[in-house]
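K.L.:
File target_31.txt below, compact mmCIF, C-alpha atoms and all ligand atoms:
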# COMPACT_ATOMS: atom_id res chain seq x y z
CA MET A 1 3.43 -8.19 18.79
CA LYS A 2 2.77 -7.94 15.07
CA SER A 3 0.59 -10.86 14.10
CA VAL A 4 -2.11 -13.22 15.30
CA LEU A 5 0.56 -15.95 15.38
CA ASP A 6 2.51 -13.93 17.98
CA PHE A 7 -0.79 -13.46 19.85
CA LYS A 8 -1.61 -17.19 19.91
CA ALA A 9 1.94 -18.12 20.90
CA ARG A 10 1.52 -16.17 24.15
CA LYS A 11 -1.06 -18.63 25.56
CA GLY A 12 0.26 -19.94 28.86
CA LYS A 13 3.58 -18.09 28.37
CA ALA A 14 3.23 -14.32 28.82
CA ARG A 15 0.23 -12.07 29.43
CA ILE A 16 -1.04 -9.86 26.60
CA SER A 17 -1.82 -6.13 27.02
CA MET A 18 -4.29 -4.47 24.65
CA SER A 19 -5.56 -0.89 24.50
CA THR A 20 -8.17 0.71 22.34
CA ALA A 21 -7.22 3.51 19.96
CA TYR A 22 -9.45 5.61 17.75
CA THR A 23 -7.16 8.26 16.30
CA HIS A 24 -3.76 8.65 14.69
CA TRP A 25 -2.67 10.56 17.81
CA GLU A 26 -3.53 7.70 20.24
CA ALA A 27 -1.96 5.18 17.86
CA ARG A 28 1.33 7.10 17.91
CA PHE A 29 1.40 6.96 21.72
CA LEU A 30 0.69 3.22 21.56
CA ALA A 31 3.30 2.63 18.84
CA ALA A 32 5.92 4.12 21.15
CA SER A 33 4.71 2.05 24.15
CA PRO A 34 5.24 -1.59 25.18
CA VAL A 35 1.47 -2.29 24.97
CA ASP A 36 1.22 -5.44 22.84
CA CYS A 37 -1.73 -4.83 20.56
CA VAL A 38 -4.43 -2.34 19.64
CA LEU A 39 -8.19 -2.50 19.22
CA VAL A 40 -10.21 0.03 17.24
CA GLY A 41 -13.28 -0.56 19.39
CA ASP A 42 -16.80 0.38 18.43
CA SER A 43 -16.58 2.18 21.80
CA VAL A 44 -15.43 4.98 19.47
CA ALA A 45 -19.15 5.85 19.42
CA THR A 46 -19.34 6.36 23.19
CA VAL A 47 -15.80 7.53 23.98
CA VAL A 48 -15.14 9.82 21.01
CA ASP A 49 -18.60 10.83 19.84
CA GLY A 50 -20.38 10.90 23.22
CA GLU A 51 -23.13 8.51 22.12
CA PRO A 52 -25.00 6.60 24.85
CA THR A 53 -24.29 3.20 23.24
CA THR A 54 -22.02 1.66 20.60
CA PHE A 55 -24.92 1.33 18.14
CA ALA A 56 -23.92 4.51 16.31
CA ALA A 57 -20.66 2.97 15.07
CA THR A 58 -21.13 2.01 11.41
CA PRO A 59 -18.75 0.13 9.08
CA GLU A 60 -17.85 3.51 7.49
CA ILE A 61 -16.96 5.02 10.89
CA MET A 62 -14.90 1.94 11.81
CA VAL A 63 -13.06 2.11 8.47
CA ARG A 64 -12.18 5.77 8.96
CA HIS A 65 -10.83 5.24 12.49
CA THR A 66 -9.02 2.04 11.49
CA ALA A 67 -7.20 3.90 8.72
CA ALA A 68 -6.18 6.69 11.11
CA VAL A 69 -4.93 4.20 13.73
CA ALA A 70 -3.12 2.08 11.13
CA ARG A 71 -1.25 5.19 9.91
CA GLY A 72 -0.29 6.02 13.49
CA LEU A 73 0.91 2.48 14.27
CA GLY A 74 2.89 2.22 11.05
CA GLY A 75 2.73 -1.58 11.16
CA SER A 76 4.32 -1.74 14.60
CA LYS A 77 1.50 -3.66 16.37
CA LEU A 78 -1.27 -6.17 15.77
CA LEU A 79 -4.35 -4.08 14.92
CA ILE A 80 -7.84 -5.50 15.51
CA THR A 81 -11.06 -3.69 14.56
CA ASP A 82 -14.57 -4.25 15.88
CA PHE A 83 -17.35 -5.44 13.64
CA PRO A 84 -19.97 -2.78 14.46
CA PHE A 85 -23.58 -3.28 15.55
CA LEU A 86 -25.35 -6.06 13.57
CA ALA A 87 -22.58 -6.26 10.94
CA ALA A 88 -22.18 -10.01 11.66
CA ARG A 89 -25.94 -10.61 11.53
CA LYS A 90 -26.79 -9.74 7.92
CA GLY A 91 -25.37 -12.90 6.43
CA ILE A 92 -22.07 -13.94 4.99
CA ALA A 93 -21.82 -11.62 1.97
CA PRO A 94 -22.32 -8.34 3.90
CA ALA A 95 -19.92 -9.63 6.60
CA VAL A 96 -17.30 -10.31 3.94
CA GLU A 97 -17.78 -6.77 2.57
CA CYS A 98 -17.38 -5.32 6.06
CA ALA A 99 -14.24 -7.38 6.75
CA ALA A 100 -12.79 -6.41 3.36
CA ALA A 101 -13.30 -2.70 4.06
CA LEU A 102 -11.76 -2.96 7.54
CA MET A 103 -8.76 -4.97 6.32
CA ARG A 104 -8.20 -2.58 3.38
CA ALA A 105 -8.15 0.23 5.95
CA GLY A 106 -5.34 -1.54 7.81
CA ALA A 107 -6.90 -3.97 10.32
CA HIS A 108 -5.06 -7.29 10.67
CA ALA A 109 -8.04 -8.96 12.32
CA VAL A 110 -11.66 -8.31 13.30
CA LYS A 111 -13.57 -8.76 16.55
CA ILE A 112 -17.13 -10.07 16.56
CA GLU A 113 -19.54 -9.98 19.52
CA GLY A 114 -21.57 -13.10 20.35
CA VAL A 115 -21.61 -16.31 18.32
CA ASP A 116 -25.00 -18.03 18.47
CA GLY A 117 -26.64 -17.77 15.06
CA HIS A 118 -23.58 -16.36 13.27
CA GLU A 119 -21.08 -19.22 13.68
CA ASP A 120 -21.16 -19.42 9.86
CA VAL A 121 -19.83 -15.86 9.62
CA PHE A 122 -16.95 -16.69 11.98
CA ARG A 123 -16.11 -19.80 9.94
CA HIS A 124 -16.40 -18.15 6.56
CA LEU A 125 -14.17 -15.21 7.52
CA VAL A 126 -11.55 -17.47 9.11
CA GLN A 127 -11.55 -19.74 6.04
CA SER A 128 -11.20 -16.62 3.88
CA GLY A 129 -7.99 -15.63 5.65
CA VAL A 130 -9.52 -13.03 7.97
CA PRO A 131 -8.38 -13.62 11.56
CA VAL A 132 -11.33 -13.29 13.95
CA ILE A 133 -11.38 -12.79 17.73
CA GLY A 134 -14.62 -13.42 19.61
CA HIS A 135 -16.20 -11.31 22.36
CA LEU A 136 -18.50 -12.74 25.06
CA GLY A 137 -19.90 -11.71 28.43
CA LEU A 138 -21.17 -8.14 28.66
CA THR A 139 -21.16 -7.52 24.93
CA PRO A 140 -22.20 -3.85 24.66
CA GLN A 141 -24.06 -4.36 21.36
CA SER A 142 -26.56 -6.50 23.33
CA VAL A 143 -27.02 -4.02 26.18
CA ASN A 144 -30.78 -3.80 25.67
CA ALA A 145 -31.17 -7.57 25.78
CA PHE A 146 -29.17 -7.59 29.05
CA GLY A 147 -31.34 -4.82 30.55
CA GLY A 148 -28.28 -2.59 31.10
CA TYR A 149 -24.52 -2.87 31.61
CA LYS A 150 -24.53 -5.79 34.08
CA VAL A 151 -22.03 -8.49 34.99
CA GLN A 152 -22.81 -11.65 32.97
CA GLY A 153 -22.38 -15.35 33.80
CA LYS A 154 -23.36 -15.00 37.46
CA THR A 155 -25.45 -18.17 37.76
CA ASP A 156 -24.13 -21.70 37.13
CA ALA A 157 -26.37 -21.99 34.08
CA ALA A 158 -25.22 -18.65 32.66
CA ALA A 159 -21.56 -19.54 33.30
CA ALA A 160 -22.01 -22.92 31.56
CA ASP A 161 -23.64 -21.19 28.61
CA LEU A 162 -20.70 -18.78 28.32
CA LEU A 163 -18.31 -21.75 28.29
CA ARG A 164 -20.39 -23.40 25.56
CA GLN A 165 -20.25 -20.23 23.43
CA ALA A 166 -16.51 -19.83 24.07
CA ARG A 167 -15.94 -23.38 22.82
CA SER A 168 -18.06 -22.66 19.77
CA ILE A 169 -15.94 -19.57 18.98
CA GLU A 170 -12.75 -21.60 19.34
CA ALA A 171 -14.19 -24.38 17.15
CA ALA A 172 -15.05 -21.81 14.46
CA GLY A 173 -11.35 -20.96 14.21
CA ALA A 174 -11.07 -17.73 16.20
CA PHE A 175 -7.53 -16.81 17.30
CA GLY A 176 -8.68 -15.40 20.64
CA LEU A 177 -11.56 -14.33 22.83
CA VAL A 178 -12.38 -11.13 24.69
CA LEU A 179 -14.35 -11.79 27.88
CA GLU A 180 -16.08 -8.76 29.37
CA CYS A 181 -17.52 -8.30 32.86
CA VAL A 182 -17.84 -11.84 34.13
CA PRO A 183 -16.93 -13.22 37.58
CA SER A 184 -13.24 -13.98 37.76
CA GLU A 185 -13.78 -17.71 38.50
CA VAL A 186 -15.93 -18.00 35.34
CA ALA A 187 -13.15 -16.29 33.37
CA ARG A 188 -10.62 -18.69 34.90
CA THR A 189 -12.66 -21.75 33.85
CA ILE A 190 -13.05 -20.45 30.29
CA THR A 191 -9.37 -19.44 30.05
CA GLU A 192 -8.28 -22.90 31.20
CA ALA A 193 -10.72 -24.65 28.86
CA LEU A 194 -9.57 -22.87 25.68
CA SER A 195 -6.32 -23.28 23.78
CA ILE A 196 -6.58 -19.72 22.39
CA PRO A 197 -5.74 -16.62 24.48
CA VAL A 198 -8.57 -15.07 26.48
CA ILE A 199 -8.33 -11.32 27.04
CA GLY A 200 -10.32 -9.97 29.96
CA ILE A 201 -11.94 -6.65 30.74
CA GLY A 202 -13.66 -6.69 34.10
CA ALA A 203 -13.00 -10.45 34.13
CA GLY A 204 -10.42 -10.72 36.91
CA GLN A 205 -6.80 -11.79 36.97
CA HIS A 206 -6.87 -15.32 35.54
CA THR A 207 -7.19 -14.50 31.84
CA ASP A 208 -4.29 -14.53 29.37
CA GLY A 209 -4.32 -10.75 29.04
CA GLN A 210 -6.19 -7.54 29.70
CA VAL A 211 -7.76 -4.87 27.52
CA LEU A 212 -8.82 -1.38 28.61
CA VAL A 213 -10.12 1.68 26.82
CA PHE A 214 -7.26 4.16 26.19
CA HIS A 215 -9.08 7.08 27.82
CA ASP A 216 -10.06 5.03 30.89
CA LEU A 217 -6.59 3.65 31.61
CA LEU A 218 -5.03 7.11 31.30
CA GLY A 219 -7.61 8.78 33.54
CA LEU A 220 -8.95 10.92 30.71
CA ASN A 221 -12.53 9.88 31.45
CA PRO A 222 -13.00 11.02 35.07
CA GLY A 223 -16.76 10.38 35.16
CA PHE A 224 -16.23 6.68 34.42
CA ASN A 225 -15.38 5.07 37.76
CA THR A 226 -16.30 1.48 37.01
CA LYS A 227 -14.81 -1.06 39.44
CA PHE A 228 -12.71 -2.85 36.81
CA VAL A 229 -10.89 0.24 35.51
CA ARG A 230 -7.55 1.25 36.99
CA GLN A 231 -6.35 4.74 36.07
CA PHE A 232 -2.62 4.36 35.36
CA ALA A 233 -2.18 8.10 34.87
CA ASP A 234 -4.01 11.25 35.91
CA GLY A 235 -4.67 12.36 32.35
CA ASN A 236 -7.60 14.53 33.33
CA LYS A 237 -5.40 16.59 35.68
CA THR A 238 -2.49 16.79 33.21
CA VAL A 239 -4.73 17.95 30.38
CA GLY A 240 -6.72 20.28 32.65
CA ASP A 241 -3.54 21.85 34.05
CA GLY A 242 -2.14 22.34 30.53
CA LEU A 243 -5.29 24.02 29.27
CA ALA A 244 -5.49 26.28 32.34
CA ALA A 245 -1.83 27.28 31.93
CA PHE A 246 -2.40 28.09 28.24
CA ALA A 247 -5.46 30.24 28.99
CA ALA A 248 -3.62 32.03 31.81
CA ALA A 249 -0.55 32.73 29.61
CA VAL A 250 -2.77 34.17 26.87
CA ALA A 251 -4.66 36.27 29.42
CA ASP A 252 -1.53 37.72 31.04
CA GLY A 253 0.26 38.23 27.72
CA SER A 254 3.19 35.91 28.55
CA PHE A 255 2.38 33.71 25.53
CA PRO A 256 3.75 34.05 22.92
CA SER A 257 7.17 35.25 24.09
CA LYS A 258 9.74 36.80 21.77
CA LYS A 259 11.30 33.34 21.28
CA GLU A 260 7.92 32.00 20.14
CA SER A 261 7.39 34.83 17.62
CA TYR A 262 8.69 35.44 14.05
O1 LIG A 301 -15.19 -1.45 21.88
C1 LIG A 301 -14.44 -1.69 22.83
O2 LIG A 301 -13.79 -0.78 23.37
C2 LIG A 301 -14.33 -3.07 23.30
C3 LIG A 301 -13.68 -3.41 24.60
C4 LIG A 301 -13.50 -4.86 24.79
C5 LIG A 301 -12.50 -2.68 25.03
O3 LIG A 301 -14.82 -3.93 22.65
Please express what this file holds, its structure, as structure tokens.
Ligand code: KIV
P.N.:
Amino acid sequence: MKSVLDFKARKGKARISMSTAYTHWEARFLAASPVDCVLVGDSVATVVDGEPTTFAATPEIMVRHTAAVARGLGGSKLLITDFPFLAARKGIAPAVECAAALMRAGAHAVKIEGVDGHEDVFRHLVQSGVPVIGHLGLTPQSVNAFGGYKVQGKTDAAAADLLRQARSIEAAGAFGLVLECVPSEVARTITEALSIPVIGIGAGQHTDGQVLVFHDLLGLNPGFNTKFVRQFADGNKTVGDGLAAFAAAVADGSFPSKKESY
């Protein structure tokens, strides 16, 4: 999948897979995989830098990681980059600057959390030729307002409000929506109500696709055992075994061998 047109065309036809990537190295793995599209998430702050929240991701950090991922993908996949903390809340001109920097770094589209109060930013970017995907539900940039990382949309009123916001994102011209940590029936209702693809994370099986963090889906983040993550590989064991074998071979003198020496 190379463009937002390919992405939109999947609605109701074939499910979309999306993984995060933060580095050139991860992007090369993804380029060689059948995963459809790639997100440079502001989760770079938590996953790569060990920060407690995504607040530490700045436009400069997102630009640097977008450029690294774009080089690794070599144009092979649709590349979306997160608008970092508050970047959509400073008005249209700073949002345009942020989008310009991310697109110059290689993003094909940007993702923006929430919508109430910055519908104008969505509209202006879309009308400027910047494809935008929304993000609702447990939006990590609002973790303090939510009182922690909690499932959203659990009451009828909260679910109805999510549907209202989803419609507002679609009306503003977004090409898709990421829905995070909501009950699967709420995700089903929103997916059926929208004509743009809805990508779930912790949102059950009725969405048009799924996104996971690269390190989580490969089992590279063993401390993170959240219910919605499936580990499709035992990356922690593979990496741990490799490092132990290297240390042992250095210790017993079997590395480097003659063949590995000049
Ligand atoms: O930053 C992120 O990793 C995300 C998720 C939806 C995967 O936004």
K.L.:
Of the candidates A:Ala70, A:Leu136, A:Leu218, A:Leu212, which shows the shortest atom-to-atom distance to ligand LIG 301 (chain A), using all atoms listed in the file?
P.N.:
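Closest to ligand LIG 301 (chain A) of all the choices is A:Leu212.
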K.L.:
What's the 12 Å shell around Ala21 (chain A), counting only C-alpha atoms, without same-chain residues fewer than 5 positions away, as a ChimeraX atom specification?
P.N.:
/A:26-31,35,37-44,47-48,62,65-73,77,79-82,211-217
K.L.:
State, in Å with one decimal place, the distance from CA of His24 (chain A) to CA of Gly219 (chain A).
P.N.:
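If I compute the distance from CA of His24 (chain A) to CA of Gly219 (chain A), I get 19.2 Å.
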K.L.:
Which is closest to ligand LIG 301 (chain A) among A:Glu97, A:Glu113, A:Asp241, A:Glu51, if we use only C-alpha atoms and all ligand atoms?
P.N.:
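Once distances to ligand LIG 301 (chain A) are computed over only C-alpha atoms and all ligand atoms, the minimum belongs to A:Glu113.
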K.L.:
Set the distance at 9 Å and use all atoms listed in the file: which residues neighbour Gly204 (chain A) once local chain neighbours fewer than 3 positions away are removed? I'd like the list as a list of chain:residue names.
P.N.:
A:Cys181, A:Val182, A:Pro183, A:Ser184, A:Glu185, A:Ala187, A:Arg188, A:Gly200, A:Ile201, A:Thr207, A:Gln210, A:Phe228
K.L.:
Those residues you just picked out, can you put them in a file as a tab-separated table (two decimals), in the frame of the given file with C-alpha atoms?
P.N.:
chain	number	residue	atom	x	y	z
A	181	CYS	CA	-17.52	-8.30	32.86
A	182	VAL	CA	-17.84	-11.84	34.13
A	183	PRO	CA	-16.93	-13.22	37.58
A	184	SER	CA	-13.24	-13.98	37.76
A	185	GLU	CA	-13.78	-17.71	38.50
A	187	ALA	CA	-13.15	-16.29	33.37
A	188	ARG	CA	-10.62	-18.69	34.90
A	200	GLY	CA	-10.32	-9.97	29.96
A	201	ILE	CA	-11.94	-6.65	30.74
A	207	THR	CA	-7.19	-14.50	31.84
A	210	GLN	CA	-6.19	-7.54	29.70
A	228	PHE	CA	-12.71	-2.85	36.81
K.L.:
Taking into account only C-alpha atoms, which residue in the set A:Arg164, A:Gly242, A:Gln152, A:Ala57 is nearest to Ala203 (chain A)?
P.N.:
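Closest residue, counting only C-alpha atoms: A:Gln152.
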K.L.:
Which of these residues is nearest to Leu86 (chain A), using only C-alpha atoms: A:Gly153, A:Gly117, A:Tyr262, A:Ala9?
P.N.:
A:Gly117
K.L.:
Find the distance between CA of Ala87 (chain A) and CA of Val121 (chain A) and write it in Å to one decimal.
P.N.:
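Computing it gives 10.1 Å between the two atoms.
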K.L.:
Ranking A:Ala172, A:Ile133, A:Ala14, A:Val250 by minimum distance to ligand LIG 301 (chain A) and counting all atoms listed in the file, which one comes first?
P.N.:
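The closest residue to ligand LIG 301 (chain A) is A:Ile133.
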K.L.:
Name the closest residue to ligand LIG 301 (chain A) among the candidates A:Ala107, A:Ala56, A:Ala45, A:Leu162; distances are taken between atoms, counting only C-alpha atoms and all ligand atoms.
P.N.:
A:Ala45
K.L.:
How far is it from CA of Phe85 (chain A) to CA of Pro197 (chain A), in Å with one decimal?
P.N.:
24.0 Å
K.L.:
Kindly complete region 226-241 of chain A to N, CA, C and O atoms; the output should be written as a compact mmCIF listing (two decimals), in the frame of the given file.
P.N.:
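The result, written out as selection_27.txt:
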# COMPACT_ATOMS: atom_id res chain seq x y z
N THR A 226 -15.92 2.88 36.89
CA THR A 226 -16.30 1.48 37.01
C THR A 226 -15.23 0.69 37.77
O THR A 226 -14.04 0.95 37.63
N LYS A 227 -15.69 -0.26 38.57
CA LYS A 227 -14.81 -1.06 39.44
C LYS A 227 -13.59 -1.66 38.71
O LYS A 227 -12.50 -1.72 39.24
N PHE A 228 -13.79 -2.11 37.47
CA PHE A 228 -12.71 -2.85 36.81
C PHE A 228 -11.65 -1.96 36.18
O PHE A 228 -10.64 -2.46 35.69
N VAL A 229 -11.88 -0.64 36.16
CA VAL A 229 -10.89 0.24 35.51
C VAL A 229 -9.87 0.71 36.54
O VAL A 229 -10.24 1.17 37.62
N ARG A 230 -8.59 0.57 36.19
CA ARG A 230 -7.55 1.25 36.99
C ARG A 230 -7.02 2.41 36.15
O ARG A 230 -6.69 2.22 34.97
N GLN A 231 -6.91 3.58 36.77
CA GLN A 231 -6.35 4.74 36.07
C GLN A 231 -4.84 4.74 36.30
O GLN A 231 -4.39 4.98 37.42
N PHE A 232 -4.08 4.46 35.24
CA PHE A 232 -2.62 4.36 35.36
C PHE A 232 -1.94 5.71 35.21
O PHE A 232 -0.72 5.80 35.31
N ALA A 233 -2.72 6.74 34.94
CA ALA A 233 -2.18 8.10 34.87
C ALA A 233 -3.33 9.04 35.19
O ALA A 233 -4.50 8.67 35.07
N ASP A 234 -2.97 10.26 35.62
CA ASP A 234 -4.01 11.25 35.91
C ASP A 234 -4.15 12.18 34.72
O ASP A 234 -3.83 13.37 34.78
N GLY A 235 -4.59 11.60 33.60
CA GLY A 235 -4.67 12.36 32.35
C GLY A 235 -5.58 13.56 32.45
O GLY A 235 -5.29 14.62 31.87
N ASN A 236 -6.65 13.42 33.20
CA ASN A 236 -7.60 14.53 33.33
C ASN A 236 -6.92 15.74 33.96
O ASN A 236 -7.08 16.87 33.50
N LYS A 237 -6.10 15.48 34.99
CA LYS A 237 -5.40 16.59 35.68
C LYS A 237 -4.33 17.18 34.75
O LYS A 237 -4.20 18.40 34.62
N THR A 238 -3.56 16.31 34.09
CA THR A 238 -2.49 16.79 33.21
C THR A 238 -3.06 17.66 32.10
O THR A 238 -2.56 18.76 31.84
N VAL A 239 -4.13 17.19 31.48
CA VAL A 239 -4.73 17.95 30.38
C VAL A 239 -5.37 19.24 30.93
O VAL A 239 -5.18 20.32 30.37
N GLY A 240 -6.07 19.10 32.05
CA GLY A 240 -6.72 20.28 32.65
C GLY A 240 -5.71 21.35 33.03
O GLY A 240 -5.90 22.55 32.76
N ASP A 241 -4.58 20.91 33.65
CA ASP A 241 -3.54 21.85 34.05
C ASP A 241 -2.95 22.54 32.81
O ASP A 241 -2.68 23.75 32.83
